[in-house]
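Okay, structure first, notes after.
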Amino acid sequence: MQVAYYQDKVIYLPSYERDRWQQLYMASIRQEITCIHCHSPLRMELSILEPPLFVHLQVSKECMETSLLMEKKLSETHKKEDSPPVQVSSTGIQLPIRRPISTEMEPARLWREPEAVKAIPPFMNENKVTNISNDDYYRQSLKSSGIFLDDNQWEAVQTTEGPLLILAGAGSGKTRVLTTRTAFMLSERNYSPKEMILVTFTAKAAKEMKDRMRLYPGLDSRTLNQLVIGTFHSIFYKMLMHHNPDKWSPTKLLKQDWQRQAMIKEAGREIDLDEKDFAFDQALTQISWWKNHLLSPDKIKAKDVWEERVTYLYKRYEQMRQLKNTFDFDDMLVGLFELLKSDDSLLKRYQERFSYVSIDEFQDINKVQVELMTMLSARKKNICVVGDDDQSIYAFRGSDPSYILKFKDQYPEAKMVVLNENYRSSHEIVSSANNVIHANKERYSKQLLAQVASNHRPIFFYPYDEEEEATMIVTDIKKQLEAGSSPSDFAILFRTNTSARALIERFVSSSIPFQLEADGESFYRRKAVRKILSYLRLALNPDDNKALSDLIGALFLKQETLQEIKAKSIIHDCSFVEALPYIEGLKPFQTKKLADLPKKWKQLSTKTPVDAISFIETEMGFNDYVKKQGNEGNKMDRGSDDIRDLKVAARLHPTIEDFLNYIDHMIIKYDELRTQKTNNHSTQLMTIHRAKGLEYKHVYIIGAVEGGLPHDYALEAWREGDDKPLEEERRLMYVAMTRAENSYIYPYQL
């Protein structure tokens with residue numbers, strides 16, 4: 001059905017405003033939408049594959065006839081609009097002309113049918129595992145144990161001397177190759193486990209490798225226990241502990257972020273940084289980046305005011321840390337680098353000790369890590385690195401794909417083996433991913449090949465905004481669950497945590513079991529959002545102490561002013577809001593601005609949430625605050641973006657009180673999600689960065705639109721002539737696409 005009663009009116013979906021479809025959906029959940037014939041509640045469906053419609057749970061012939069007659073009548077008076085224009089990319093994929101997510105631009109009102117990716121060549125790949133000769137005894141024994149290797153994998157396993165670069169494409173079995181190579185060296189070539197070191201990026205990866213090698217023929221527990229396998233931090237910290245246990249005692253480690261934040265906040269007070277307004281967490285990230293690039297405070301050349309402030313915090317943090325004889329995780333790597341650099345005899349001993357060096361995920365390595373591994377392998381040059389330049393996605397942590405791209409420049413004699421057989425994804429997915437990554441210029445030229453083809457091509461779908469996007473995905477998953485799928489078959493991936501707000505909220509309201517894997521605070525606790533909400537809370541309660549405290553910086557007042565406001569409210573027998581004009585010692589323009597605010601707060605209380613937010617921005621001066629704050633060194637998250645997303649959520653609520661109640665409920669739910677136990681039988685919601693190395697039957701990639709993925713900061717850099725951020729965005733998309741086994745679906749918001 002496309003007609004129904006809502007708020008005492010007949011509504012016809014094709015002519016109903018697209019930006020209100022989500023409101024209709026929410027109203028149908030509350031059973032406020034009814035049949036025009038029998039007045040029974042109707043359920044609205046917003047799905048990916050089918051146009052929106054109203055579903056009658058107990059439809060009768062009379063209901064259908066009445067609805068069809070009404071639809072016919074309304075359709076005759078409704079002027080249909082054209083579908084949104086499309087452009088064809090160089091890959092042959094049809095893309096909508098740019099219409100960024102959540103903008104004020106008017107999108108096409110009509111539902112648009114999803115489109116399958118088109119530029120997919122015919123499937124012609126054959127199994128690359130050739131007949132194994134009798135001479136390959138070890139390879140035969142592996143096969144008998146259920147461990148199969150294709151020819152390229154076997155070539156990498158057999159190459160044990162000299163520098164080796166293994167380019168391992170997505171799903172190409174890199175972990176199998178690395179563990180098999182190590183097992184081959186131990187059992188067939190009789191290398192001593194004591195002279196080998198295998199470095200991973202996560203403790204989970206190290207454990208997985210150890211567990212896998214226990215299954216290999218010819219290896220016993222005694223041999224494996226002598227093998228050094230672990231993360232950079234775990235291995236190098238043990239080395240530091242061995243040589244100076246007092247200096248590097250675990251009791252001196254700054255394990256928690258709050259310990260480091262307390263130190264830089266103390267330093268921040270020395271230069272009058274507001275604890276509630278300054279992004280100290282981002283400052284710690286920047287300090288860590290500098291450390292991993294071996295840049296001490298005196299070597300920093302600040303580019304702007306933000307970096308000047310963080311450089312000061314860095315300098316004072318190091319002074320405080322050294323005074324207390326403490327260290328952080330970054331100091332473990334820097335400390336070992338300095339130790340080996342200053343003690344040549346010790347370095348030589350370790351170079352003899354670790355004659356064979358292997359490094360997993362080499363595309364994610366940073367400067368201090370690559371310097372350490374270069375030092376350890378400098379004498380014998382038996383270094384094996386495994387990675388994929390197309391999956392280098394951790395620039396924000398200091399990793400740089402140039403290290404893997406220039407490996408052969410550093411080691412001209414290095415052998416390179418390419419693992420280009422994908423054993424995870426269908427041909428349709430692999431071909432689509434190839435189309436994306438081939439646009440990058442700074443990469444090794446290679447073509448990933450799939451082993452199987454599928455009848456399902458990846459598709460684009462076209463929601464109006466984040467809210468509708470989330471509803472469509474939840475509806476689609478519910479239908480597949482009803483058809484027999486398991487919740488754990490699905491993963492929804494996103495570029496940043498904040499872009500998943502609507503998705504998380506829709507899952508909270510659904511019956512689908514899900515697991516949220518995300519860092520950071522709730523969207524509604526983000527700085528700009530929290531301040532807007534404080535405006536709204538004060539509109540309902542002008543004496544809200546916490547709201548005023550959160551807002552004080554946005555009014556360009558210092559925190560100590562709060563006590564004066566409270567005192568003035570007592571003296572003048574008025575609310576906190578009404579006391580603002582009585583603050584003394586301000587500049588004339590500040591006094592004038594504060595004098596107008598009480599009247600504006602009264603106006604605010606009468607508005608709808610979305611109108612109230614716009615009023616706060618333009619009439620109450622919040623835009624000035626956001627502009628002054630800038631990004632504070634954070635390229636990914638901007639206050640203006642957060643407020644834009646908050647407006648999307650606000651459109652669904654009729655009153656400020658209703659909106660705030662909803663937000664308070666969601667904040668509680670989000671806190672519960674952060675403490676939930678891991679559930680492998682749930683649908684997974686996570687960032688693309690967290691999904692790296694994982695795989696799922698079906699994957700949804702949300703926010704695949706200019707400004708989302710690719711992110712605005714990358715597009716801005718590209719317009720200024722810097723291609724690197726945009727190339728990393730393509731690598732992110734490539735990683736996200738290749739997590740899927742059978743299908744992936746991603747939306748372009750209209």
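FYI, nothing fancy with the structure tokens labels: chains A, B, ... in order, residues from 1 per chain, ligands from 1 as they appear.
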Close residues, Met666 of chain A itself excluded, 10 Å, only C-alpha atoms, min 4 positions apart in chain, as a list of chain:residue names: A:Arg501, A:Ile504, A:Glu505, A:Val508, A:Ser509, A:Ser522, A:Phe523, A:Tyr524, A:Leu660, A:Asn661, A:Tyr662, A:Tyr670, A:Asp671, A:Glu672
Could you find all residues in segment 377-620 of chain A that DSSP calls strand (DSSP E) from the backbone, and write them as a PyMOL selection string? chain A and resi 383-387+415-419+421-422+449-450+459-461+490-494+514-517
Please list as a PyMOL selection string every residue within 10 Å of Glu468 of chain A, counting only C-alpha atoms and excluding residues in the same chain fewer than 6 positions away. chain A and resi 18-23+25+46-48+462+474+502-503+506+749
Using only all heavy atoms, please write the residues we just selected to a file, as a compact mmCIF listing (two decimals), in the first residue's frame.
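Contents of the output file part34.txt:
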# COMPACT_ATOMS: atom_id res chain seq x y z
N ARG A 18 10.24 13.61 1.03
CA ARG A 18 11.21 12.55 1.29
C ARG A 18 11.89 12.72 2.64
O ARG A 18 12.20 11.73 3.33
CB ARG A 18 12.27 12.55 0.18
CG ARG A 18 13.37 11.48 0.33
CD ARG A 18 12.87 10.10 0.03
NE ARG A 18 13.88 9.08 0.23
CZ ARG A 18 14.71 8.63 -0.71
NH1 ARG A 18 14.65 9.13 -1.92
NH2 ARG A 18 15.57 7.68 -0.44
N ASP A 19 12.13 13.94 3.06
CA ASP A 19 12.83 14.14 4.32
C ASP A 19 11.96 13.79 5.53
O ASP A 19 12.44 13.82 6.66
CB ASP A 19 13.36 15.57 4.44
CG ASP A 19 12.25 16.61 4.42
OD1 ASP A 19 11.09 16.24 4.17
OD2 ASP A 19 12.56 17.80 4.64
N ARG A 20 10.67 13.43 5.27
CA ARG A 20 9.80 13.05 6.38
C ARG A 20 9.45 11.56 6.36
O ARG A 20 8.66 11.10 7.17
CB ARG A 20 8.51 13.90 6.32
CG ARG A 20 8.77 15.40 6.50
CD ARG A 20 7.49 16.20 6.42
NE ARG A 20 6.56 15.86 7.49
CZ ARG A 20 5.29 16.26 7.53
NH1 ARG A 20 4.81 16.98 6.55
NH2 ARG A 20 4.51 15.91 8.54
N TRP A 21 10.06 10.81 5.45
CA TRP A 21 9.80 9.38 5.42
C TRP A 21 10.22 8.71 6.73
O TRP A 21 9.54 7.81 7.22
CB TRP A 21 10.56 8.74 4.25
CG TRP A 21 9.89 8.93 2.92
CD1 TRP A 21 8.77 9.70 2.66
CD2 TRP A 21 10.28 8.35 1.68
NE1 TRP A 21 8.46 9.63 1.32
CE2 TRP A 21 9.36 8.81 0.69
CE3 TRP A 21 11.30 7.51 1.29
CZ2 TRP A 21 9.46 8.44 -0.65
CZ3 TRP A 21 11.40 7.13 -0.05
CH2 TRP A 21 10.48 7.60 -1.00
N GLN A 22 11.35 9.14 7.24
CA GLN A 22 11.82 8.52 8.49
C GLN A 22 10.85 8.81 9.63
O GLN A 22 10.62 7.95 10.49
CB GLN A 22 13.22 9.04 8.84
CG GLN A 22 13.85 8.38 10.06
CD GLN A 22 14.10 6.90 9.86
OE1 GLN A 22 14.38 6.45 8.75
NE2 GLN A 22 14.01 6.12 10.93
N GLN A 23 10.25 9.99 9.64
CA GLN A 23 9.25 10.30 10.67
C GLN A 23 8.04 9.39 10.53
O GLN A 23 7.47 8.94 11.53
CB GLN A 23 8.83 11.77 10.54
CG GLN A 23 9.91 12.75 10.98
CD GLN A 23 9.49 14.19 10.72
OE1 GLN A 23 9.37 14.62 9.57
NE2 GLN A 23 9.26 14.93 11.78
N TYR A 25 8.12 6.40 9.32
CA TYR A 25 8.58 5.08 9.78
C TYR A 25 8.48 5.00 11.31
O TYR A 25 7.96 4.01 11.86
CB TYR A 25 10.01 4.83 9.31
CG TYR A 25 10.64 3.59 9.89
CD1 TYR A 25 10.38 2.34 9.35
CD2 TYR A 25 11.50 3.68 10.99
CE1 TYR A 25 10.95 1.20 9.88
CE2 TYR A 25 12.08 2.54 11.53
CZ TYR A 25 11.80 1.30 10.97
OH TYR A 25 12.38 0.18 11.51
N LEU A 46 10.92 0.64 4.98
CA LEU A 46 11.93 1.37 4.22
C LEU A 46 13.06 0.39 3.97
O LEU A 46 13.84 0.11 4.88
CB LEU A 46 12.43 2.57 5.02
CG LEU A 46 11.68 3.88 4.90
CD1 LEU A 46 12.21 4.89 5.91
CD2 LEU A 46 11.81 4.45 3.49
N SER A 47 13.15 -0.13 2.77
CA SER A 47 14.16 -1.16 2.52
C SER A 47 15.06 -0.77 1.36
O SER A 47 14.82 0.23 0.67
CB SER A 47 13.48 -2.50 2.24
OG SER A 47 12.69 -2.43 1.08
N ILE A 48 16.09 -1.56 1.17
CA ILE A 48 17.07 -1.27 0.13
C ILE A 48 16.58 -1.67 -1.25
O ILE A 48 16.69 -0.91 -2.21
CB ILE A 48 18.40 -2.00 0.45
CG1 ILE A 48 19.05 -1.40 1.70
CG2 ILE A 48 19.36 -1.92 -0.73
CD1 ILE A 48 20.27 -2.16 2.16
N TYR A 462 20.43 4.21 -2.41
CA TYR A 462 20.37 5.67 -2.37
C TYR A 462 19.43 6.19 -1.28
O TYR A 462 18.32 6.64 -1.57
CB TYR A 462 19.93 6.19 -3.74
CG TYR A 462 20.84 5.76 -4.86
CD1 TYR A 462 20.60 4.58 -5.55
CD2 TYR A 462 21.96 6.51 -5.20
CE1 TYR A 462 21.45 4.17 -6.58
CE2 TYR A 462 22.81 6.10 -6.22
CZ TYR A 462 22.56 4.93 -6.90
OH TYR A 462 23.39 4.52 -7.90
N VAL A 474 18.84 -1.98 8.55
CA VAL A 474 18.21 -2.83 9.57
C VAL A 474 17.07 -3.63 8.96
O VAL A 474 16.91 -4.84 9.23
CB VAL A 474 17.72 -1.97 10.75
CG1 VAL A 474 16.80 -2.77 11.67
CG2 VAL A 474 18.90 -1.43 11.55
N ALA A 502 23.34 7.27 13.75
CA ALA A 502 21.98 6.81 13.40
C ALA A 502 21.91 5.29 13.35
O ALA A 502 20.93 4.68 13.78
CB ALA A 502 21.55 7.42 12.07
N LEU A 503 22.96 4.68 12.82
CA LEU A 503 23.01 3.22 12.71
C LEU A 503 22.93 2.57 14.09
O LEU A 503 22.15 1.63 14.32
CB LEU A 503 24.29 2.80 12.00
CG LEU A 503 24.46 1.31 11.75
CD1 LEU A 503 23.54 0.85 10.64
CD2 LEU A 503 25.91 0.98 11.40
N ARG A 506 19.46 2.91 15.55
CA ARG A 506 18.46 2.05 14.94
C ARG A 506 18.63 0.61 15.41
O ARG A 506 17.65 -0.10 15.63
CB ARG A 506 18.58 2.11 13.41
CG ARG A 506 17.32 1.73 12.68
CD ARG A 506 16.17 2.72 12.91
NE ARG A 506 16.47 4.00 12.33
CZ ARG A 506 16.72 5.10 13.04
NH1 ARG A 506 16.66 5.09 14.37
NH2 ARG A 506 16.98 6.25 12.46
N GLN A 749 24.28 8.64 -0.37
CA GLN A 749 23.15 9.49 0.04
C GLN A 749 22.84 10.48 -1.07
O GLN A 749 23.74 11.00 -1.72
CB GLN A 749 23.49 10.24 1.34
CG GLN A 749 23.14 9.48 2.59
CD GLN A 749 24.15 8.39 2.89
OE1 GLN A 749 25.20 8.33 2.27
NE2 GLN A 749 23.85 7.53 3.82
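Computed from the coordinates, the atom CA of Lys697 of chain A to atom CA of His456 of chain A distance equals 12.1 Å.
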Show me a table, sorted first by chain and then by increasing residue number, of the residues of segment 288-403 of chain A having an atom at most 12 Å from segment 202-225 of chain A, each with its shortest atom pair and the distance in Å to one decimal, counting only C-alpha atoms and written as JSON lines.
{"residue": "A:Ile359", "atom": "CA", "partner": "A:Ala206", "partner_atom": "CA", "distance": 11.1}
{"residue": "A:Asp360", "atom": "CA", "partner": "A:Ala205", "partner_atom": "CA", "distance": 9.0}
{"residue": "A:Glu361", "atom": "CA", "partner": "A:Thr202", "partner_atom": "CA", "distance": 9.9}
{"residue": "A:Asp364", "atom": "CA", "partner": "A:Thr202", "partner_atom": "CA", "distance": 11.4}
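The space separating atom CA of Gln451 of chain A from atom CA of His427 of chain A comes to 7.0 Å.
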Polymer residues at most 6 Å from segment 193-195 of chain A, only C-alpha atoms, same-chain spacing of 4 or more positions, as an MDAnalysis selection string: chainID A and resid 226:227 353:355
May I have the residues from that selection written out with N, CA and C atoms, as a PDB file, in the first residue's frame?
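What ended up in part_26.pdb:
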ATOM      1  N   GLN A 226      60.992 -21.652  22.093  1.00  0.00           N
ATOM      2  CA  GLN A 226      62.239 -20.880  21.968  1.00  0.00           C
ATOM      3  C   GLN A 226      62.142 -19.796  20.894  1.00  0.00           C
ATOM      4  N   LEU A 227      61.084 -19.869  20.105  1.00  0.00           N
ATOM      5  CA  LEU A 227      60.891 -18.915  19.016  1.00  0.00           C
ATOM      6  C   LEU A 227      60.336 -17.600  19.559  1.00  0.00           C
ATOM      7  N   ARG A 353      72.240 -12.430  17.440  1.00  0.00           N
ATOM      8  CA  ARG A 353      71.161 -13.200  18.094  1.00  0.00           C
ATOM      9  C   ARG A 353      69.980 -13.407  17.155  1.00  0.00           C
ATOM     10  N   PHE A 354      69.562 -12.356  16.471  1.00  0.00           N
ATOM     11  CA  PHE A 354      68.428 -12.441  15.550  1.00  0.00           C
ATOM     12  C   PHE A 354      68.934 -12.372  14.109  1.00  0.00           C
ATOM     13  N   SER A 355      69.342 -13.521  13.602  1.00  0.00           N
ATOM     14  CA  SER A 355      69.888 -13.580  12.243  1.00  0.00           C
ATOM     15  C   SER A 355      68.798 -13.535  11.185  1.00  0.00           C
TER      16      SER A 355
END
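The nearest approach to Gly268 of chain A among the residues A:Ile473, A:Val59, A:Ile229, A:Leu313, with only C-alpha atoms taken into account, belongs to A:Leu313.
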Mind checking which residues fall within 6 Å of Ser682 of chain A, counting only C-alpha atoms, ignoring those fewer than 5 positions away in the same chain, and posting them as a count of residues only? 5
Write down as a ChimeraX atom specification the residues belonging to segment 328-503 of chain A that are assigned helix (DSSP H, G or I) by DSSP computed on the backbone. /A:329-342,344-353,362-364,367-376,389-391,395-397,402-405,407-410,427-437,466-482,487-489,497-503
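Pairwise distance (atom CA of Thr182 of chain A, atom CA of Asp390 of chain A) equals 24.7 Å.
With only C-alpha atoms as the atoms that count, the minimum distance from Asp519 of chain A to the choices A:Leu336, A:Ala395, A:Leu586, A:Leu673 is reached by A:Leu673.
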Please provide the set of residues having any atom within 10 Å of Leu709 of chain A, restricted to only C-alpha atoms, with same-chain residues fewer than 2 positions apart removed, written as a VMD selection string. chain A and resid 494 to 496 701 to 707 711 to 712 714 to 715 726 729 to 730 732 to 733 748
Now that the selection is made, can you save its residues with C-alpha atoms as a compact mmCIF listing (two decimals), in the first residue's frame?
# COMPACT_ATOMS: atom_id res chain seq x y z
CA PHE A 494 31.95 3.04 8.76
CA ARG A 495 34.70 5.62 8.21
CA THR A 496 34.49 7.33 11.60
CA ILE A 701 29.62 0.19 3.99
CA ILE A 702 27.78 3.28 5.17
CA GLY A 703 28.37 6.92 4.29
CA ALA A 704 30.08 6.21 0.95
CA VAL A 705 29.64 9.76 -0.24
CA GLU A 706 31.90 12.76 -0.71
CA GLY A 707 32.61 14.17 2.71
CA HIS A 711 36.44 12.24 3.94
CA ASP A 712 36.31 16.01 3.56
CA ALA A 714 41.21 14.23 2.04
CA LEU A 715 39.22 16.09 -0.62
CA LEU A 726 42.79 10.71 -0.98
CA GLU A 729 40.74 6.92 1.42
CA ARG A 730 40.80 4.60 -1.59
CA LEU A 732 40.22 2.30 3.16
CA MET A 733 37.46 1.57 0.67
CA TYR A 748 25.29 6.97 -1.84
